[in-house]
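Engineer: Next comes the structure file model.txt, holding compact mmCIF, C-alpha atoms.
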```txt
# COMPACT_ATOMS: atom_id res chain seq x y z
CA MET M 1 -28.22 7.32 -16.60
CA GLU M 2 -28.00 4.72 -19.32
CA GLN M 3 -25.13 2.31 -19.40
CA GLN M 4 -23.91 3.71 -22.74
CA ASP M 5 -23.04 7.02 -21.03
CA ILE M 6 -20.23 5.35 -19.11
CA TYR M 7 -16.82 5.01 -20.73
CA ILE M 8 -13.44 3.39 -20.10
CA SER M 9 -10.99 6.28 -20.08
CA GLY M 10 -7.87 4.33 -19.18
CA SER M 11 -6.47 0.87 -18.53
CA VAL M 12 -3.31 -0.55 -17.01
CA CYS M 13 -1.98 -4.10 -16.86
CA ILE M 14 0.99 -5.09 -14.71
CA SER M 15 2.72 -8.46 -14.69
CA ARG M 16 6.31 -9.37 -13.89
CA LYS M 17 6.97 -9.10 -17.62
CA GLU M 18 5.63 -5.63 -18.33
CA VAL M 19 3.69 -2.57 -17.26
CA ARG M 20 1.19 -1.62 -19.95
CA SER M 21 -1.03 1.45 -20.22
CA GLY M 22 -3.68 0.83 -22.85
CA ASP M 23 -1.79 -0.55 -25.84
CA ALA M 24 1.52 1.04 -24.88
CA ILE M 25 4.23 -0.77 -22.95
CA VAL M 26 5.31 1.68 -20.25
CA LEU M 27 8.00 -0.44 -18.70
CA GLU M 28 9.65 -3.82 -18.96
CA PRO M 29 11.09 -4.38 -15.49
CA GLY M 30 14.54 -5.87 -15.17
CA HIS M 31 14.95 -9.46 -14.07
CA ASP M 32 17.60 -8.59 -11.49
CA GLY M 33 16.83 -7.18 -8.08
CA ASP M 34 13.52 -6.48 -6.42
CA PHE M 35 10.61 -6.01 -8.83
CA PHE M 36 8.86 -3.39 -6.72
CA SER M 37 11.99 -1.35 -6.01
CA ASP M 38 12.65 -1.38 -9.74
CA ILE M 39 9.21 -0.15 -10.80
CA TYR M 40 9.07 2.33 -7.89
CA GLU M 41 12.16 4.02 -9.24
CA LYS M 42 11.40 3.71 -12.95
CA LEU M 43 7.76 4.79 -12.66
CA ASP M 44 8.77 7.65 -10.33
CA ILE M 45 6.13 6.68 -7.78
CA ASN M 46 7.65 8.92 -5.09
CA TYR M 47 5.60 7.67 -2.14
CA PRO M 48 7.87 6.45 0.70
CA LYS M 49 5.00 4.59 2.39
CA PHE M 50 5.14 2.23 -0.62
CA PHE M 51 8.00 0.32 1.00
CA LYS M 52 5.99 -0.42 4.13
CA MET M 53 3.20 -2.09 2.17
CA ASP M 54 2.66 -5.73 1.36
CA ALA M 55 3.02 -6.90 -2.24
CA LEU M 56 -0.70 -6.66 -3.00
CA CYS M 57 -0.83 -2.99 -1.97
CA LYS M 58 2.41 -2.19 -3.78
CA LEU M 59 0.94 -3.70 -6.94
CA GLY M 60 -2.31 -1.76 -6.50
CA ILE M 61 -0.52 1.52 -5.80
CA ALA M 62 1.74 1.04 -8.83
CA ALA M 63 -1.25 0.25 -11.09
CA ALA M 64 -3.19 3.26 -9.80
CA HIS M 65 -0.12 5.46 -10.28
CA VAL M 66 0.08 4.60 -13.98
CA LEU M 67 -3.71 4.58 -14.47
CA LEU M 68 -4.23 8.02 -12.91
CA ASN M 69 -1.40 9.73 -14.77
CA GLY M 70 -3.22 12.66 -16.37
CA PHE M 71 -6.47 12.07 -14.49
CA ASP M 72 -7.86 15.38 -13.21
CA LYS M 73 -9.42 14.40 -9.90
CA SER M 74 -10.48 18.00 -9.29
CA MET M 75 -13.28 17.33 -11.82
CA TYR M 76 -14.98 15.28 -9.11
CA GLN M 77 -15.82 15.49 -5.44
CA PRO M 78 -13.85 12.96 -3.35
CA GLY M 79 -17.09 11.09 -2.64
CA GLU M 80 -17.80 10.74 -6.36
CA ILE M 81 -14.76 8.55 -7.04
CA GLY M 82 -15.19 4.86 -6.23
CA ILE M 83 -13.00 1.76 -6.32
CA VAL M 84 -14.16 -1.80 -7.10
CA LEU M 85 -11.50 -4.49 -7.18
CA SER M 86 -11.36 -8.26 -7.08
CA ASN M 87 -8.89 -11.13 -6.93
CA ARG M 88 -8.48 -14.84 -6.41
CA SER M 89 -5.92 -15.03 -3.62
CA GLY M 90 -7.22 -12.51 -1.11
CA SER M 91 -4.32 -11.36 1.06
CA ILE M 92 -2.67 -14.80 1.19
CA GLU M 93 0.93 -13.51 0.98
CA ALA M 94 0.41 -11.09 3.87
CA ASP M 95 -1.45 -13.82 5.79
CA ILE M 96 1.50 -16.20 5.43
CA ASN M 97 4.06 -13.53 6.34
CA TYR M 98 2.07 -12.56 9.42
CA TYR M 99 1.63 -16.20 10.41
CA GLU M 100 5.39 -16.70 10.17
CA SER M 101 6.07 -13.59 12.27
CA SER M 102 3.57 -14.77 14.89
CA LYS M 103 5.83 -17.72 15.68
CA THR M 104 8.20 -15.26 17.35
CA PHE M 105 6.96 -11.67 17.61
CA PRO M 106 3.70 -10.97 15.71
CA SER M 107 4.29 -7.95 13.51
CA PRO M 108 1.64 -5.19 13.65
CA SER M 109 2.78 -3.81 10.32
CA LEU M 110 2.25 -7.22 8.67
CA PHE M 111 -1.06 -7.74 10.44
CA VAL M 112 -2.61 -4.57 9.00
CA TYR M 113 -2.32 -6.03 5.49
CA THR M 114 -4.12 -9.29 6.25
CA LEU M 115 -7.27 -8.21 4.42
CA PRO M 116 -7.36 -7.78 0.63
CA ASN M 117 -9.50 -4.63 0.72
CA ILE M 118 -6.62 -2.76 2.39
CA VAL M 119 -5.32 -2.10 -1.12
CA ILE M 120 -8.44 -0.01 -1.73
CA GLY M 121 -7.73 1.92 1.46
CA GLU M 122 -4.13 2.60 0.45
CA ILE M 123 -5.19 3.92 -2.97
CA SER M 124 -7.94 6.02 -1.36
CA ILE M 125 -5.49 7.51 1.17
CA ARG M 126 -2.93 8.37 -1.48
CA TYR M 127 -5.40 10.10 -3.81
CA GLY M 128 -8.00 11.33 -1.32
CA PHE M 129 -10.85 9.27 -2.79
CA LYS M 130 -13.85 8.82 -0.49
CA GLY M 131 -16.47 7.20 -2.70
CA GLU M 132 -18.13 3.79 -2.44
CA ASN M 133 -15.82 0.81 -2.70
CA ALA M 134 -15.90 -2.96 -2.67
CA PHE M 135 -13.51 -5.88 -2.95
CA PHE M 136 -14.70 -9.23 -4.31
CA ILE M 137 -13.10 -12.65 -4.33
CA SER M 138 -13.60 -14.81 -7.42
CA GLU M 139 -11.71 -17.54 -9.21
CA GLU M 140 -11.18 -15.39 -12.31
CA PHE M 141 -11.68 -11.74 -13.27
CA ASP M 142 -15.41 -11.38 -13.95
CA PRO M 143 -16.04 -8.50 -16.39
CA GLU M 144 -19.82 -9.01 -16.37
CA TRP M 145 -20.02 -8.67 -12.59
CA THR M 146 -17.66 -5.69 -12.59
CA VAL M 147 -19.75 -3.85 -15.18
CA PHE M 148 -22.97 -4.68 -13.33
CA TYR M 149 -21.63 -3.52 -9.97
CA VAL M 150 -19.93 -0.33 -11.17
CA ASN M 151 -23.00 0.61 -13.23
CA ASN M 152 -25.08 0.20 -10.11
CA LEU M 153 -22.75 2.50 -8.14
CA MET M 154 -22.94 5.08 -10.89
CA GLN M 155 -26.70 4.91 -11.21
CA HIS M 156 -27.62 4.76 -7.53
CA GLN M 157 -24.67 5.71 -5.31
CA GLY M 158 -23.50 9.03 -6.72
CA ILE M 159 -20.28 7.67 -8.21
CA LYS M 160 -19.07 9.51 -11.33
CA ALA M 161 -15.61 7.98 -11.75
CA CYS M 162 -14.38 4.58 -10.66
CA ILE M 163 -11.23 2.50 -10.62
CA CYS M 164 -12.20 -1.12 -11.19
CA GLY M 165 -10.48 -4.35 -12.05
CA TRP M 166 -8.32 -7.16 -10.72
CA VAL M 167 -5.25 -7.21 -8.47
CA ASP M 168 -3.76 -10.54 -7.45
CA VAL M 169 -0.52 -11.73 -5.86
CA GLU M 170 0.26 -15.35 -5.17
CA ASP M 171 3.48 -17.37 -5.12
CA GLY M 172 5.37 -14.43 -6.56
CA ALA M 173 3.04 -14.10 -9.55
CA LEU M 174 1.63 -10.59 -10.06
CA ASP M 175 -1.46 -9.71 -12.03
CA ALA M 176 -3.04 -6.25 -12.03
CA ARG M 177 -5.67 -5.13 -14.54
CA PHE M 178 -7.05 -1.70 -13.64
CA PHE M 179 -9.61 0.35 -15.54
CA LEU M 180 -10.62 3.95 -15.08
CA VAL M 181 -14.30 4.39 -15.82
CA GLU M 182 -15.98 7.79 -16.09
CA LYS M 183 -19.53 8.92 -16.55
CA GLY M 184 -20.33 11.10 -19.54
CA LYS M 185 -16.72 11.42 -20.70
CA GLU M 186 -17.23 10.11 -24.20
CA ASN M 187 -14.21 8.59 -25.91
CA GLY M 188 -15.73 5.79 -27.94
CA ILE M 189 -14.89 2.97 -25.51
CA ASN M 190 -18.16 2.01 -23.87
CA PHE M 191 -17.97 0.42 -20.45
CA THR M 192 -19.10 -3.10 -21.31
CA ALA M 193 -17.89 -6.56 -20.38
CA ASP M 194 -16.67 -7.08 -23.94
CA SER M 195 -14.62 -3.87 -23.80
CA LEU M 196 -13.01 -4.99 -20.53
CA LYS M 197 -12.18 -8.37 -22.05
CA GLN M 198 -10.63 -6.70 -25.08
CA GLU M 199 -8.58 -4.31 -22.93
CA CYS M 200 -7.35 -7.24 -20.84
CA ALA M 201 -6.49 -9.29 -23.88
CA ALA M 202 -4.78 -6.45 -25.75
CA GLY M 203 -1.36 -7.31 -24.36
CA MET D 1 27.62 -0.58 24.94
CA ASP D 2 27.64 3.16 25.59
CA LYS D 3 24.80 5.51 24.73
CA LYS D 4 26.35 6.70 21.49
CA GLU D 5 26.75 3.14 20.19
CA LEU D 6 23.26 2.24 21.36
CA ILE D 7 21.75 5.23 19.53
CA TYR D 8 23.47 4.22 16.29
CA GLN D 9 22.30 0.63 16.67
CA LEU D 10 18.74 1.81 17.40
CA LYS D 11 18.73 3.92 14.25
CA GLN D 12 19.77 0.89 12.21
CA GLN D 13 17.12 -1.27 13.83
CA ILE D 14 14.37 1.34 13.34
CA ILE D 15 15.22 1.73 9.66
CA LYS D 16 15.11 -2.05 9.17
CA GLN D 17 12.04 -2.76 11.30
CA LEU D 18 9.98 0.08 9.86
CA ASN D 19 11.16 -0.33 6.24
CA LEU D 20 12.33 3.27 6.01
CA ALA D 21 13.66 2.88 2.49
CA GLY D 22 16.32 5.36 1.50
CA LYS D 23 17.07 6.41 5.10
CA THR D 24 20.45 5.94 6.75
CA PRO D 25 21.34 6.31 10.45
CA GLU D 26 23.04 9.58 9.51
CA ASP D 27 19.68 10.97 8.29
CA ILE D 28 18.17 10.66 11.76
CA ARG D 29 19.31 13.13 14.39
CA ASP D 30 19.40 11.88 17.97
CA ASP D 31 16.75 14.34 19.14
CA ASP D 32 14.54 14.35 16.03
CA PRO D 33 10.89 13.69 16.91
CA LEU D 34 9.96 10.20 15.73
CA PHE D 35 6.29 10.97 15.12
CA VAL D 36 4.39 13.53 13.03
CA GLU D 37 7.23 15.89 12.15
CA GLY D 38 10.75 14.46 12.06
CA LEU D 39 10.58 10.86 10.87
CA GLY D 40 6.79 11.06 10.43
CA LEU D 41 6.00 7.68 11.96
CA ASP D 42 2.40 6.58 12.52
CA SER D 43 0.47 4.48 15.04
CA ILE D 44 1.39 1.17 13.39
CA ASP D 45 5.05 2.19 13.57
CA ALA D 46 4.57 2.81 17.30
CA LEU D 47 3.45 -0.80 17.69
CA GLU D 48 6.50 -1.93 15.74
CA LEU D 49 8.75 0.06 18.10
CA ILE D 50 7.14 -1.73 21.05
CA VAL D 51 7.87 -5.06 19.32
CA LEU D 52 11.44 -3.89 18.63
CA LEU D 53 12.05 -3.15 22.32
CA GLN D 54 10.73 -6.55 23.27
CA GLN D 55 12.48 -8.46 20.52
CA GLU D 56 15.90 -6.83 20.66
CA TYR D 57 16.17 -5.66 24.29
CA ASN D 58 13.70 -7.91 26.13
CA ILE D 59 11.90 -4.85 27.48
CA LYS D 60 8.11 -4.80 27.81
CA LEU D 61 6.36 -1.46 28.18
CA LYS D 62 4.26 -1.33 31.35
CA SER D 63 1.62 0.95 29.85
CA ALA D 64 0.76 2.65 26.57
CA GLU D 65 1.20 6.07 28.22
CA GLU D 66 4.90 5.32 28.76
CA GLY D 67 5.36 5.19 25.01
CA GLN D 68 4.65 8.89 24.58
CA THR D 69 7.82 9.86 26.43
CA ILE D 70 9.97 6.84 25.56
CA PHE D 71 9.37 7.15 21.80
CA ARG D 72 9.84 10.91 21.63
CA SER D 73 13.22 10.47 19.91
CA VAL D 74 15.99 7.92 19.43
CA ALA D 75 17.83 9.54 22.34
CA THR D 76 14.88 9.07 24.72
CA MET D 77 14.57 5.45 23.57
CA ALA D 78 18.25 4.90 24.34
CA ASP D 79 17.88 6.52 27.77
CA TYR D 80 14.98 4.21 28.58
CA ILE D 81 16.82 1.08 27.41
CA LEU D 82 19.93 1.97 29.46
CA GLU D 83 17.75 2.71 32.49
CA GLN D 84 15.97 -0.64 32.17
CA GLN D 85 19.22 -2.52 31.66
CA ALA D 86 20.78 -0.83 34.70
CA GLY D 87 17.68 -1.67 36.76
CA ALA D 88 17.82 -5.31 35.65
CA ALA D 89 21.52 -5.55 36.52
CA ASN D 90 20.96 -4.31 40.09
```
What do you get writing this file as structure tokens?

Structural biologist:
Amino acid sequence: MEQQDIYISGSVCISRKEVRSGDAIVLEPGHDGDFFSDIYEKLDINYPKFFKMDALCKLGIAAAHVLLNGFDKSMYQPGEIGIVLSNRSGSIEADINYYESSKTFPSPSLFVYTLPNIVIGEISIRYGFKGENAFFISEEFDPEWTVFYVNNLMQHQGIKACICGWVDVEDGALDARFFLVEKGKENGINFTADSLKQECAAG
Amino acid sequence: MDKKELIYQLKQQIIKQLNLAGKTPEDIRDDDPLFVEGLGLDSIDALELIVLLQQEYNIKLKSAEEGQTIFRSVATMADYILEQQAGAAN
């Protein structure tokens, strides 16, 4: 399979300022109240487990929710859908919260989020995805690496659709940039590093 | 504190500790199963309930097997707490 047979079929960017799907602004969250409660209600996420998650997983679940709106997962076997994400801060917020709880009674429900790849697990559980996955740590989002790695999964690991991108939470700042990539589903947006950069920069 | 008051307090504490958003004490019946059906709690929630007993009532479970009967419902949790408190007072 040549690289040009792989296409970006959707993109989502979430910051505190806005939730964007492709070029369209889906939501501009209010400044009052809890950000995640606000987007949970306004995006109609309808997944009570959301409230038990740490901020990184909430952000990932919200981004996947918008990204996969209209995605027909029945087109693929569960093992054909992969997830490749990256960030700068790992699970630092959950790490700090757990550390604080450990001064009195260590919280099991905080502990389970002290790895950044848990966000991949939460998305996989919600949507029933069972394909290859990976979580990378890097200073900045690296489109070249993402394209290289996802291409490799598609060429050698039986992956036909993949969520890839960046999901980072630190000091209250939120940054999610998710892309849905599919093999052979031509739409004119080739899966290249330049395309990812353009999608990211579009907002 | 009598059993009825304890049950209400436990419901409030469970909702807070387990982040059961949208639930109120009135939504949880005294004999509702806590796991699978009923409240639908999972294994991590079970660990949080153990922490709750220790944190709020200074009760440590002697073995994991005990949890299966103690955490059957809010009512069985209340019975266990009252039993432990009575035992400690004697």

Engineer: Residues of chain D no more than 12 Å from chain M, counting all atoms listed in the file: send them over as a ChimeraX atom specification.

Structural biologist: /D:15-23,39-56,58

Engineer: Show me, as a ChimeraX atom specification, the residues that have an atom within 10 Å of Gln84 in chain D when counting only C-alpha atoms, minus same-chain residues fewer than 6 positions from it.

Structural biologist: /D:57-60,78

Engineer: For a quick check of understanding, using only C-alpha atoms, which of M:Asp72, M:Asp194, M:Glu132, M:Glu100 has the smallest distance to Glu144 in chain M?

Structural biologist: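 Checking each candidate against Glu144 in chain M, we get M:Asp194 as the closest.
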
Engineer: Quick one: distance from CA of Arg177 in chain M to CA of Asn151 in chain M in Å, one decimal?

Structural biologist: 18.3 Å

Engineer: CA of Arg72 in chain D to CA of Arg29 in chain D: how many Å, to one decimal?

Structural biologist: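 If I compute the distance from CA of Arg72 in chain D to CA of Arg29 in chain D, I get 12.1 Å.
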
Engineer: Taking all atoms listed in the file into account, which of M:Val181, M:Ala173, M:Ile81, M:Ile189 comes nearest Gly158 in chain M?

Structural biologist: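 Of M:Val181, M:Ala173, M:Ile81, M:Ile189, the one nearest Gly158 in chain M is M:Ile81, counting all atoms listed in the file.
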
Engineer: Can you pull out the residues contacting Met75 in chain M? Cut-off 12 Å, using all atoms listed in the file, and skip same-chain residues under 6 positions away; I want them as a count of residues only.

Structural biologist: 6

Engineer: From the list M:Ile96, M:Pro143, M:Ile83, M:Leu59, which residue is nearest Gln198 in chain M when using only C-alpha atoms?

Structural biologist: M:Pro143

Engineer: Work out where the centre of an axis-aligned box around every listed atom of range 140-156 of chain M lies and how long its edges are once 4 Å is added on each side; give both in Å to one decimal as lines of an AutoDock Vina configuration file.

Structural biologist:
```
center_x = -19.4
center_y = -5.2
center_z = -12.0
size_x = 24.4
size_y = 28.5
size_z = 16.9
```

Engineer: Can you list, as a list in words, every protein, DNA or RNA residue that comes within 10 Å of Ile28 in chain D when you count only C-alpha atoms, leaving out same-chain residues fewer than 5 positions away?

Structural biologist: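 The filter keeps Tyr8, Lys11, Gln12, Ile15, Lys23, Pro33, Leu34, Gly38, Leu39, Ser73 and Val74 of chain D.
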
Engineer: Determine the nearest neighbour of Asp44 in chain M from the options M:Thr114, M:Ser102, M:Asn187, M:Asn69, counting all atoms listed in the file.

Structural biologist: M:Asn69

Engineer: Find the spatial neighbours of Leu6 in chain D, counting only C-alpha atoms, within a cut-off of 9 Å - ignore same-chain residues fewer than 3 positions away - and output them as an NGL selection string.

Structural biologist: :D and (1-3 or 9-11 or 78 or 81-82)

Engineer: One decimal, Å: what's the distance from CA of Asp5 in chain M over to CA of Gly184 in chain M, could you say?

Structural biologist: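 Computing the Euclidean distance for CA of Asp5 in chain M and CA of Gly184 in chain M yields 5.1 Å.
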
Engineer: Quick one: range 10-41 of chain D with N, CA and C atoms, as a CSV table (one decimal), in the frame of the given file?

Structural biologist:
```csv
chain,number,residue,atom,x,y,z
D,10,LEU,N,20.2,1.6,17.4
D,10,LEU,CA,18.7,1.8,17.4
D,10,LEU,C,18.3,2.4,16.1
D,11,LYS,N,19.1,3.3,15.6
D,11,LYS,CA,18.7,3.9,14.2
D,11,LYS,C,18.7,2.9,13.2
D,12,GLN,N,19.7,2.0,13.2
D,12,GLN,CA,19.8,0.9,12.2
D,12,GLN,C,18.6,0.0,12.4
D,13,GLN,N,18.2,-0.3,13.6
D,13,GLN,CA,17.1,-1.3,13.8
D,13,GLN,C,15.8,-0.6,13.4
D,14,ILE,N,15.6,0.6,13.7
D,14,ILE,CA,14.4,1.3,13.3
D,14,ILE,C,14.2,1.4,11.8
D,15,ILE,N,15.3,1.7,11.1
D,15,ILE,CA,15.2,1.7,9.7
D,15,ILE,C,14.8,0.4,9.1
D,16,LYS,N,15.4,-0.7,9.7
D,16,LYS,CA,15.1,-2.0,9.2
D,16,LYS,C,13.7,-2.5,9.6
D,17,GLN,N,13.4,-2.3,10.8
D,17,GLN,CA,12.0,-2.8,11.3
D,17,GLN,C,10.9,-2.0,10.6
D,18,LEU,N,11.1,-0.7,10.4
D,18,LEU,CA,10.0,0.1,9.9
D,18,LEU,C,10.1,0.3,8.3
D,19,ASN,N,11.0,-0.4,7.7
D,19,ASN,CA,11.2,-0.3,6.2
D,19,ASN,C,11.3,1.1,5.8
D,20,LEU,N,12.2,1.9,6.4
D,20,LEU,CA,12.3,3.3,6.0
D,20,LEU,C,13.3,3.3,4.8
D,21,ALA,N,12.8,3.0,3.7
D,21,ALA,CA,13.7,2.9,2.5
D,21,ALA,C,14.3,4.2,2.2
D,22,GLY,N,15.6,4.2,1.9
D,22,GLY,CA,16.3,5.4,1.5
D,22,GLY,C,16.9,6.1,2.7
D,23,LYS,N,16.5,5.7,3.9
D,23,LYS,CA,17.1,6.4,5.1
D,23,LYS,C,18.3,5.7,5.6
D,24,THR,N,19.3,6.5,6.1
D,24,THR,CA,20.4,5.9,6.8
D,24,THR,C,20.5,6.5,8.2
D,25,PRO,N,21.2,5.8,9.1
D,25,PRO,CA,21.3,6.3,10.4
D,25,PRO,C,21.7,7.8,10.5
D,26,GLU,N,22.6,8.2,9.5
D,26,GLU,CA,23.0,9.6,9.5
D,26,GLU,C,21.9,10.6,9.2
D,27,ASP,N,20.8,10.1,8.6
D,27,ASP,CA,19.7,11.0,8.3
D,27,ASP,C,18.8,11.3,9.5
D,28,ILE,N,19.0,10.5,10.6
D,28,ILE,CA,18.2,10.7,11.8
D,28,ILE,C,19.0,11.3,12.9
D,29,ARG,N,18.6,12.5,13.3
D,29,ARG,CA,19.3,13.1,14.4
D,29,ARG,C,18.8,12.6,15.7
D,30,ASP,N,19.7,12.5,16.7
D,30,ASP,CA,19.4,11.9,18.0
D,30,ASP,C,18.1,12.4,18.6
D,31,ASP,N,17.9,13.7,18.5
D,31,ASP,CA,16.8,14.3,19.1
D,31,ASP,C,15.6,14.6,18.2
D,32,ASP,N,15.7,14.2,17.0
D,32,ASP,CA,14.5,14.4,16.0
D,32,ASP,C,13.3,13.7,16.6
D,33,PRO,N,12.1,14.4,16.5
D,33,PRO,CA,10.9,13.7,16.9
D,33,PRO,C,10.6,12.5,16.0
D,34,LEU,N,10.2,11.4,16.6
D,34,LEU,CA,10.0,10.2,15.7
D,34,LEU,C,8.6,10.3,15.0
D,35,PHE,N,7.6,10.9,15.7
D,35,PHE,CA,6.3,11.0,15.1
D,35,PHE,C,5.9,12.4,14.6
D,36,VAL,N,4.9,12.3,13.7
D,36,VAL,CA,4.4,13.5,13.0
D,36,VAL,C,5.5,14.2,12.3
D,37,GLU,N,6.1,15.3,12.8
D,37,GLU,CA,7.2,15.9,12.2
D,37,GLU,C,8.4,15.0,12.3
D,38,GLY,N,9.6,15.4,11.9
D,38,GLY,CA,10.8,14.5,12.1
D,38,GLY,C,10.6,13.3,11.1
D,39,LEU,N,10.6,12.1,11.7
D,39,LEU,CA,10.6,10.9,10.9
D,39,LEU,C,9.2,10.6,10.3
D,40,GLY,N,8.2,11.2,10.9
D,40,GLY,CA,6.8,11.1,10.4
D,40,GLY,C,6.2,9.7,10.6
D,41,LEU,N,6.5,9.0,11.7
D,41,LEU,CA,6.0,7.7,12.0
D,41,LEU,C,4.5,7.8,12.3
```
